[in-house]
>>> print(open('data.txt').read())   # compact mmCIF, C-alpha atoms
# COMPACT_ATOMS: atom_id res chain seq x y z
CA MET B 747 -18.47 0.16 -36.14
CA LYS B 748 -18.39 -3.61 -36.06
CA PHE B 749 -19.75 -5.59 -33.14
CA ARG B 750 -19.89 -9.30 -32.33
CA ILE B 751 -22.45 -9.99 -29.66
CA TYR B 752 -23.31 -13.19 -27.81
CA ARG B 753 -26.88 -14.24 -28.48
CA TYR B 754 -28.87 -16.88 -26.68
CA ASP B 755 -32.57 -17.28 -26.28
CA PRO B 756 -33.54 -20.47 -24.46
CA GLU B 757 -37.10 -20.17 -25.75
CA LEU B 758 -35.88 -20.65 -29.32
CA GLY B 759 -34.17 -23.88 -28.36
CA SER B 760 -31.08 -23.14 -30.45
CA ALA B 761 -27.50 -23.11 -29.22
CA PRO B 762 -25.78 -19.85 -28.21
CA ARG B 763 -24.09 -18.01 -31.11
CA MET B 764 -22.15 -14.85 -31.88
CA GLN B 765 -23.99 -12.35 -34.05
CA ASP B 766 -22.31 -9.61 -36.08
CA TYR B 767 -23.68 -6.11 -36.25
CA GLU B 768 -22.47 -3.12 -38.19
CA LEU B 769 -23.53 0.19 -36.73
CA ASP B 770 -23.14 3.60 -38.32
CA PHE B 771 -22.08 5.37 -35.18
CA ASP B 772 -19.75 8.17 -34.15
CA ALA B 773 -17.82 6.64 -31.26
CA LYS B 774 -16.49 9.93 -29.96
CA GLY B 775 -17.45 10.39 -26.34
CA LYS B 776 -19.79 7.40 -26.46
CA LYS B 777 -19.84 4.36 -24.22
CA VAL B 778 -20.41 0.67 -24.98
CA LEU B 779 -23.90 0.93 -23.51
CA ASP B 780 -24.76 3.70 -26.02
CA ALA B 781 -23.86 1.30 -28.81
CA LEU B 782 -25.91 -1.54 -27.29
CA ILE B 783 -28.92 0.76 -26.98
CA ALA B 784 -28.42 1.97 -30.56
CA ILE B 785 -28.24 -1.61 -31.85
CA LYS B 786 -31.43 -2.48 -29.98
CA ASP B 787 -33.16 0.68 -31.28
CA THR B 788 -32.10 0.50 -34.90
CA LEU B 789 -30.89 -2.99 -35.83
CA ASP B 790 -32.28 -5.69 -33.59
CA GLU B 791 -34.93 -5.13 -30.98
CA SER B 792 -34.59 -8.71 -29.73
CA LEU B 793 -31.12 -8.02 -28.26
CA SER B 794 -31.42 -8.19 -24.47
CA PHE B 795 -29.23 -6.66 -21.80
CA ARG B 796 -29.61 -5.10 -18.36
CA ARG B 797 -29.03 -1.43 -17.69
CA SER B 798 -30.48 1.13 -15.37
CA CYS B 799 -28.59 4.19 -14.17
CA ARG B 800 -26.23 4.35 -17.19
CA GLU B 801 -23.57 6.09 -15.11
CA GLY B 802 -21.67 3.36 -13.27
CA VAL B 803 -23.63 3.48 -10.04
CA CYS B 804 -26.24 0.72 -10.19
CA GLY B 805 -23.93 -2.04 -11.40
CA SER B 806 -26.50 -3.74 -13.60
CA ASP B 807 -24.71 -3.66 -16.96
CA GLY B 808 -21.62 -5.73 -16.23
CA VAL B 809 -20.56 -7.45 -19.48
CA ASN B 810 -17.43 -8.94 -20.96
CA VAL B 811 -16.06 -6.63 -23.66
CA ASN B 812 -13.10 -7.87 -25.72
CA GLY B 813 -12.24 -10.30 -22.94
CA SER B 814 -12.47 -7.96 -19.95
CA ASN B 815 -15.32 -7.60 -17.51
CA VAL B 816 -16.54 -4.01 -17.55
CA LEU B 817 -19.58 -1.86 -16.94
CA ALA B 818 -20.89 -1.09 -20.42
CA CYS B 819 -22.06 2.36 -19.34
CA ILE B 820 -18.65 3.71 -18.36
CA THR B 821 -16.48 1.96 -20.93
CA ASP B 822 -15.36 4.20 -23.81
CA LEU B 823 -16.05 2.89 -27.30
CA GLU B 824 -13.02 4.76 -28.59
CA GLY B 825 -9.88 2.66 -28.48
CA LEU B 826 -11.68 -0.69 -28.45
CA LYS B 827 -10.46 -3.15 -31.07
CA GLU B 828 -13.07 -4.03 -33.70
CA PRO B 829 -15.08 -6.11 -33.99
CA ILE B 830 -15.99 -5.23 -30.43
CA THR B 831 -16.88 -8.57 -28.89
CA ILE B 832 -19.50 -8.43 -26.17
CA ARG B 833 -20.34 -11.48 -24.08
CA PRO B 834 -22.22 -12.02 -20.83
CA LEU B 835 -20.17 -12.14 -17.61
CA PRO B 836 -18.31 -15.48 -17.52
CA ARG B 837 -19.34 -18.55 -15.50
CA LEU B 838 -22.83 -17.39 -14.58
CA GLY B 839 -25.83 -19.01 -16.21
CA VAL B 840 -27.21 -17.04 -19.16
CA ILE B 841 -30.87 -16.13 -18.96
CA ARG B 842 -30.87 -14.48 -22.33
CA ASP B 843 -28.22 -12.76 -24.49
CA LEU B 844 -26.18 -10.58 -22.11
CA ILE B 845 -28.43 -11.15 -19.10
CA VAL B 846 -26.92 -13.51 -16.54
CA ASP B 847 -28.39 -15.29 -13.56
CA MET B 848 -26.91 -13.53 -10.51
CA ALA B 849 -28.54 -15.87 -7.95
CA GLN B 850 -25.29 -17.62 -7.01
CA PHE B 851 -23.52 -14.27 -6.66
CA TYR B 852 -26.21 -12.88 -4.35
CA GLN B 853 -26.27 -16.12 -2.35
CA HIS B 854 -22.58 -15.64 -1.52
CA TYR B 855 -23.27 -12.00 -0.70
CA LYS B 856 -26.07 -13.04 1.64
CA ALA B 857 -23.82 -15.66 3.27
CA VAL B 858 -21.40 -13.06 4.63
CA LYS B 859 -24.28 -11.34 6.49
CA PRO B 860 -23.80 -7.96 4.86
CA TYR B 861 -25.35 -5.96 7.67
CA LEU B 862 -24.30 -4.58 11.03
CA ILE B 863 -24.64 -7.05 13.90
CA ASN B 864 -24.77 -5.16 17.16
CA LEU B 865 -26.85 -6.46 20.03
CA ASP B 866 -26.47 -3.39 22.27
CA PRO B 867 -29.65 -1.39 22.82
CA GLU B 868 -30.05 1.11 20.04
CA PRO B 869 -28.87 4.58 21.02
CA GLU B 870 -31.25 7.49 20.73
CA ASN B 871 -29.74 8.87 17.56
CA GLU B 872 -27.04 6.80 15.91
CA ARG B 873 -24.06 4.57 16.64
CA LEU B 874 -21.11 6.89 16.58
CA GLN B 875 -17.75 6.17 14.99
CA SER B 876 -14.51 8.08 15.19
CA PRO B 877 -13.31 9.55 11.88
CA GLU B 878 -10.42 7.03 11.97
CA ASP B 879 -12.76 4.07 12.41
CA ARG B 880 -14.94 5.41 9.63
CA ALA B 881 -11.91 5.73 7.36
CA GLU B 882 -11.36 1.97 7.72
CA LEU B 883 -14.46 1.46 5.59
CA ASP B 884 -13.20 3.48 2.65
CA GLY B 885 -12.48 1.28 -0.32
CA LEU B 886 -15.04 -1.24 0.95
CA TRP B 887 -18.44 0.40 1.06
CA GLU B 888 -18.20 1.68 -2.53
CA CYS B 889 -18.81 -1.78 -4.02
CA ILE B 890 -21.89 -1.77 -6.28
CA LEU B 891 -22.16 -5.57 -6.60
CA CYS B 892 -21.86 -5.56 -10.38
CA GLY B 893 -20.17 -8.96 -10.33
CA CYS B 894 -17.27 -7.96 -12.62
CA CYS B 895 -14.65 -9.09 -10.08
CA THR B 896 -16.17 -12.38 -8.99
CA THR B 897 -16.83 -13.52 -12.56
CA SER B 898 -13.26 -12.68 -13.60
CA CYS B 899 -11.82 -14.91 -10.86
CA PRO B 900 -10.67 -18.40 -11.95
CA SER B 901 -11.13 -19.68 -8.39
CA PHE B 902 -14.81 -18.73 -8.75
CA TRP B 903 -14.96 -20.40 -12.17
CA TRP B 904 -13.68 -23.71 -10.76
CA ASN B 905 -15.73 -23.65 -7.53
CA PRO B 906 -18.58 -21.19 -8.04
CA ASP B 907 -20.80 -22.86 -5.48
CA LYS B 908 -18.20 -22.93 -2.68
CA PHE B 909 -15.76 -20.05 -3.12
CA LEU B 910 -17.43 -16.83 -2.00
CA GLY B 911 -15.62 -14.72 -4.57
CA PRO B 912 -13.97 -11.31 -4.26
CA ALA B 913 -17.17 -9.25 -4.08
CA ALA B 914 -18.68 -11.20 -1.18
CA LEU B 915 -15.34 -11.35 0.63
CA LEU B 916 -14.86 -7.60 0.21
CA GLN B 917 -18.33 -7.09 1.69
CA GLY B 918 -17.53 -9.59 4.44
CA TYR B 919 -14.48 -7.57 5.37
CA ARG B 920 -16.49 -4.33 5.18
CA PHE B 921 -18.44 -5.51 8.24
CA ILE B 922 -15.47 -7.10 9.98
CA ALA B 923 -13.69 -3.75 9.69
CA ASP B 924 -16.68 -1.81 11.04
CA SER B 925 -16.01 -0.66 14.61
CA ARG B 926 -19.74 -0.81 15.36
CA ASP B 927 -20.06 -4.50 14.46
CA GLN B 928 -19.89 -7.08 17.25
CA ALA B 929 -19.80 -10.30 15.27
CA THR B 930 -16.19 -10.31 14.09
CA ASP B 931 -15.47 -13.72 15.60
CA GLU B 932 -18.54 -15.34 14.07
CA ARG B 933 -17.71 -13.78 10.72
CA LEU B 934 -14.14 -15.07 10.88
CA ASP B 935 -15.42 -18.50 11.94
CA PHE B 936 -17.58 -18.59 8.87
CA LEU B 937 -14.79 -17.53 6.54
CA GLU B 938 -12.07 -19.84 7.88
CA ASP B 939 -12.55 -22.50 5.28
CA PRO B 940 -10.47 -23.99 2.45
CA TYR B 941 -13.21 -23.10 -0.02
CA ARG B 942 -14.99 -19.96 1.16
CA LEU B 943 -11.84 -17.88 1.66
CA PHE B 944 -8.71 -19.85 0.88
CA ARG B 945 -9.51 -20.50 -2.77
CA CYS B 946 -8.15 -16.97 -3.30
CA HIS B 947 -4.60 -17.32 -4.60
CA GLY B 948 -4.12 -13.58 -4.93
CA ILE B 949 -3.89 -13.32 -8.72
CA MET B 950 -5.68 -9.96 -8.57
CA ASN B 951 -7.96 -10.30 -11.61
CA CYS B 952 -10.58 -8.72 -9.35
CA VAL B 953 -8.46 -5.64 -8.76
CA GLU B 954 -7.78 -5.29 -12.47
CA VAL B 955 -11.43 -5.26 -13.51
CA CYS B 956 -13.17 -3.47 -10.64
CA PRO B 957 -14.96 -0.52 -12.27
CA LYS B 958 -14.93 1.33 -8.95
CA GLY B 959 -11.18 0.90 -8.52
CA LEU B 960 -11.52 -1.18 -5.35
CA ASN B 961 -9.06 -3.80 -4.12
CA PRO B 962 -10.75 -7.05 -3.01
CA THR B 963 -7.37 -8.85 -2.85
CA GLU B 964 -6.22 -6.42 -0.17
CA ALA B 965 -9.43 -6.96 1.80
CA ILE B 966 -8.98 -10.73 1.54
CA GLY B 967 -5.38 -10.31 2.75
CA LYS B 968 -6.67 -8.38 5.76
CA ILE B 969 -9.14 -11.16 6.57
CA LYS B 970 -6.25 -13.65 6.45
CA SER B 971 -4.15 -11.41 8.71
CA LEU B 972 -7.00 -11.25 11.23
CA LEU B 973 -7.31 -15.04 11.13
CA VAL B 974 -3.58 -15.37 11.79
CA LYS B 975 -3.75 -12.87 14.66
CA ARG B 976 -6.66 -14.77 16.15
CA ALA B 977 -4.96 -18.15 15.80
CA LEU B 978 -1.54 -17.21 17.17
CA MET L 428 -29.49 -17.17 14.92
CA ARG L 429 -28.31 -20.21 13.00
CA HIS L 430 -24.63 -20.12 12.44
CA VAL L 431 -22.64 -22.50 10.32
CA GLY L 432 -18.91 -22.06 10.78
CA GLY L 433 -16.20 -22.82 8.27
CA ALA L 434 -14.18 -26.02 8.26
CA HIS L 435 -11.53 -24.22 10.34
CA ARG L 436 -8.93 -25.43 7.93
CA GLY L 437 -6.88 -23.69 5.33
CA LEU L 438 -5.20 -21.15 7.57
CA ASP L 439 -2.53 -23.62 8.74
CA MET L 440 -1.75 -24.60 5.15
CA TRP L 441 -1.68 -20.98 4.02
CA LEU L 442 0.73 -20.04 6.81
CA LEU L 443 2.90 -23.10 6.27
CA GLN L 444 3.21 -22.26 2.58
CA ARG L 445 4.49 -18.78 3.45
CA ALA L 446 6.78 -20.06 6.20
CA SER L 447 8.31 -22.70 3.93
CA ALA L 448 8.85 -20.10 1.20
CA LEU L 449 10.64 -17.83 3.69
CA TYR L 450 12.88 -20.65 4.88
CA MET L 451 13.75 -21.65 1.32
CA ALA L 452 14.58 -18.06 0.37
CA GLY L 453 16.75 -17.65 3.49
CA PHE L 454 18.52 -20.98 2.96
CA LEU L 455 19.26 -20.24 -0.69
CA VAL L 456 20.87 -16.89 0.20
CA ALA L 457 22.95 -18.51 2.97
CA PHE L 458 23.91 -21.36 0.65
CA LEU L 459 24.98 -18.91 -2.05
CA VAL L 460 27.17 -17.06 0.45
CA LEU L 461 28.78 -20.35 1.59
CA LEU L 462 29.24 -21.35 -2.04
CA LEU L 463 31.05 -18.11 -2.89
CA ALA L 464 33.12 -18.29 0.29
CA ALA L 465 34.21 -21.85 -0.52
CA GLY L 466 36.40 -20.62 -3.36
CA PRO L 467 37.03 -22.39 -6.70
CA MET L 468 34.46 -25.09 -7.22
CA GLY L 469 35.34 -28.71 -7.75
CA TYR L 470 34.01 -32.10 -6.69
CA GLU L 471 35.90 -32.06 -3.36
CA THR L 472 34.83 -28.50 -2.46
CA TRP L 473 31.23 -29.33 -3.33
CA ARG L 474 31.35 -32.44 -1.11
CA GLY L 475 33.07 -30.43 1.60
CA LEU L 476 30.16 -27.99 1.63
CA PHE L 477 27.79 -30.74 2.71
CA ALA L 478 30.08 -32.36 5.28
CA PRO L 479 29.26 -30.25 8.39
CA MET L 480 26.24 -31.26 10.48
CA TYR L 481 24.61 -27.77 10.18
CA MET L 482 24.59 -28.21 6.41
CA LYS L 483 22.97 -31.63 6.62
CA VAL L 484 20.29 -30.39 9.01
CA GLY L 485 19.81 -27.13 7.08
CA GLY L 486 19.66 -29.04 3.80
CA LEU L 487 17.16 -31.54 5.13
CA LEU L 488 14.98 -28.69 6.40
CA PHE L 489 15.25 -27.15 2.93
CA VAL L 490 14.07 -30.34 1.26
CA THR L 491 11.26 -30.63 3.83
CA ALA L 492 10.21 -27.02 3.20
CA LEU L 493 10.31 -27.63 -0.56
CA LEU L 494 8.16 -30.76 -0.31
CA VAL L 495 5.69 -29.12 2.10
CA HIS L 496 5.46 -26.12 -0.22
CA ALA L 497 4.97 -28.34 -3.26
CA TRP L 498 2.39 -30.52 -1.52
CA ILE L 499 0.31 -27.51 -0.44
CA GLY L 500 0.53 -26.14 -3.97
CA LEU L 501 -0.61 -29.46 -5.40
CA ARG L 502 -3.44 -29.61 -2.86
CA GLU L 503 -4.63 -26.20 -4.11
CA ILE L 504 -4.50 -27.41 -7.71
CA PHE L 505 -6.40 -30.60 -6.84
CA ILE L 506 -9.08 -28.65 -4.95
CA ASP L 507 -9.46 -26.30 -7.92
CA TYR L 508 -9.48 -28.83 -10.72
CA VAL L 509 -10.04 -32.38 -9.44
CA HIS L 510 -13.62 -32.49 -8.24
CA CYS L 511 -14.02 -36.25 -8.10
CA LEU L 512 -13.45 -37.08 -4.42
CA VAL L 513 -12.04 -40.58 -4.95
CA LEU L 514 -9.59 -39.30 -7.56
CA ARG L 515 -8.60 -36.38 -5.38
CA LEU L 516 -7.96 -38.58 -2.33
CA GLY L 517 -6.00 -40.98 -4.54
CA LEU L 518 -3.84 -38.10 -5.81
CA TYR L 519 -3.27 -36.80 -2.26
CA LEU L 520 -2.16 -40.26 -1.21
CA ALA L 521 0.02 -40.85 -4.27
CA PHE L 522 1.85 -37.54 -3.97
CA GLY L 523 2.03 -37.86 -0.17
CA ILE L 524 3.83 -41.19 -0.54
CA LEU L 525 6.02 -39.88 -3.38
CA TYR L 526 7.07 -36.82 -1.39
CA LEU L 527 7.71 -38.80 1.80
CA GLY L 528 9.84 -41.12 -0.31
CA CYS L 529 11.77 -38.12 -1.63
CA LEU L 530 12.30 -36.98 1.95
CA ALA L 531 13.68 -40.36 3.03
CA TRP L 532 15.92 -40.46 -0.02
CA SER L 533 17.21 -36.95 0.76
CA VAL L 534 18.18 -38.11 4.28
CA ASP L 535 20.16 -40.95 2.74
CA ILE L 536 21.88 -38.65 0.22
CA LEU L 537 22.73 -35.92 2.73
CA TRP L 538 24.07 -38.31 5.40
CA SER L 539 26.06 -40.33 2.87
CA VAL L 540 28.46 -37.38 2.58
CA LYS L 541 31.20 -38.00 5.13
>>> encode(input="data.txt", output="structure tokens")
Amino acid sequence: MKFRIYRYDPELGSAPRMQDYELDFDAKGKKVLDALIAIKDTLDESLSFRRSCREGVCGSDGVNVNGSNVLACITDLEGLKEPITIRPLPRLGVIRDLIVDMAQFYQHYKAVKPYLINLDPEPENERLQSPEDRAELDGLWECILCGCCTTSCPSFWWNPDKFLGPAALLQGYRFIADSRDQATDERLDFLEDPYRLFRCHGIMNCVEVCPKGLNPTEAIGKIKSLLVKRAL
Amino acid sequence: MRHVGGAHRGLDMWLLQRASALYMAGFLVAFLVLLLAAGPMGYETWRGLFAPMYMKVGGLLFVTALLVHAWIGLREIFIDYVHCLVLRLGLYLAFGILYLGCLAWSVDILWSVK
């Protein structure tokens, strides 16, 4: 199988380049991550990438394969057009090869206060929720923060420092939608901004690439609806 | 707890863009119906369509909605791509003047039909 992989090592001082690899590999049932590991094991030990759980749960191996952001560990090798081109996630700084600097991404995540804000005295056991209220969180809590959606969003590419991006907005809505949270107004205040929220033009790249099948565009739409309800 | 709110802007523009789109869609359907009802088309029939006051007002609102819609769209494009503040403000101003000019011109055109 033929691969073209983005290589960059700042310590070498040379410009980023694409390197070709040819791997004798039976693709049947294998994932892109299997190939990356095989290349590192047999062809080039200097190739660097992140991976941990290798089953689509930890979200650490987000890469751009043949132009689409995916998790390498759950993307089938079969059916991919050769040479399979693997690049780091777009628009984030490259630390080395396929490893990107996620600091900006986490900063946006942190900005939406991704935790329950409830100033009532803590109950003895837990804060209860009705099954209906709990169901509101489905499709939101499953996000693994891999960054595939945010880095596929042109609005994030043009204003990465100001637009929160689909992942952070999805997480923002996860806490707005939580019946136990008491800071909805503050959260909406924070989001009501031409950059933070309204850079989203609803092109749904995020929905297309989300490896967990989530819908950040819908969550963003719900935030906008709540803002409208609050304003009118 | 330190809290920094948003600029509290954007929602009005977002709503206005949707509202103007709705008005334009509604007007176009109504206009099409009037057009078909007017019978065989010629210069006189076409002029006749724009003679009543409701058509002038409706038409002017259509042009306004179109310009508002276009200006908001342009604003989005400028925010996305034009990061130099002076240039962006200059573009806002230039297109603001251009679109207001178009609006004034539309008034003249619509009310010139007797």
>>> residues_around(input="data.txt", residues="B:Asp939", least_positions_apart="6", cutoff="9 Å", atoms="only C-alpha atoms", output="list in words")
Arg945 of chain B; Gly432, Gly433, Ala434, His435, Arg436, Gly437 and Leu438 of chain L
>>> write_last_selection(input="data.txt", atoms="C-alpha atoms", output="PDB file, in the frame of the given file")
ATOM      1  CA  ARG B 945      -9.510 -20.500  -2.770  1.00  0.00           C
TER       2      ARG B 945
ATOM      3  CA  GLY L 432     -18.910 -22.060  10.780  1.00  0.00           C
ATOM      4  CA  GLY L 433     -16.200 -22.820   8.270  1.00  0.00           C
ATOM      5  CA  ALA L 434     -14.180 -26.020   8.260  1.00  0.00           C
ATOM      6  CA  HIS L 435     -11.530 -24.220  10.340  1.00  0.00           C
ATOM      7  CA  ARG L 436      -8.930 -25.430   7.930  1.00  0.00           C
ATOM      8  CA  GLY L 437      -6.880 -23.690   5.330  1.00  0.00           C
ATOM      9  CA  LEU L 438      -5.200 -21.150   7.570  1.00  0.00           C
TER      10      LEU L 438
END
>>> interface_residues(input="data.txt", of="chain B", to="chain L", cutoff="6 Å", atoms="only C-alpha atoms", output="VMD selection string")
chain B and resid 904 935 to 940
>>> closest_atom_pairs(input="data.txt", of="stretch 810-837 of chain B", to="stretch 747-768 of chain B", cutoff="7 Å", atoms="all atoms listed in the file", output="tab-separated table")
residue	atom	partner	partner_atom	distance
B:Glu828	CA	B:Lys748	CA	5.8
B:Pro829	CA	B:Lys748	CA	4.6
B:Ile830	CA	B:Phe749	CA	4.6
B:Thr831	CA	B:Arg750	CA	4.6
B:Ile832	CA	B:Ile751	CA	4.8
B:Arg833	CA	B:Tyr752	CA	5.1
>>> residues_around(input="data.txt", residues="stretch 483-486 of chain L", least_positions_apart="3", cutoff="9 Å", atoms="only C-alpha atoms", output="list in words")
Phe454, Phe477, Ala478, Pro479, Met480, Phe489, Val490, Thr491, Ser533, Val534, Leu537, Trp538 and Val540 of chain L
>>> residues_around(input="data.txt", residues="B:Pro834", least_positions_apart="3", cutoff="8 Å", atoms="all atoms listed in the file", output="list in words")
Tyr752, Gly808, Val809, Asn810, Val840, Asp843, Leu844, Ile845 and Val846 of chain B
>>> axis_aligned_box(input="data.txt", around="stretch 957-971 of chain B", padding_each_side="4 Å", output="lines of an AutoDock Vina configuration file")
center_x = -9.6
center_y = -6.2
center_z = -1.8
size_x = 18.8
size_y = 23.0
size_z = 29.0
>>> residues_around(input="data.txt", residues="L:Gly453", least_positions_apart="5", cutoff="12 Å", atoms="only C-alpha atoms", output="count of residues only")
11
>>> closest_residue(input="data.txt", among="B:Val974, B:Leu883, B:Leu910, B:Cys899", to="B:Asn951", atoms="all atoms listed in the file")
B:Cys899
>>> atom_distance(input="data.txt", atom1="atom CA of B:Asn905", atom2="atom CA of B:Glu964")
21.0 Å
>>> closest_residue(input="data.txt", among="L:Leu487, L:Leu514, L:Lys541, L:Leu525", to="L:Tyr450", atoms="all atoms listed in the file")
L:Leu487
>>> atom_distance(input="data.txt", atom1="atom CA of B:Phe771", atom2="atom CA of B:Val811")
17.7 Å
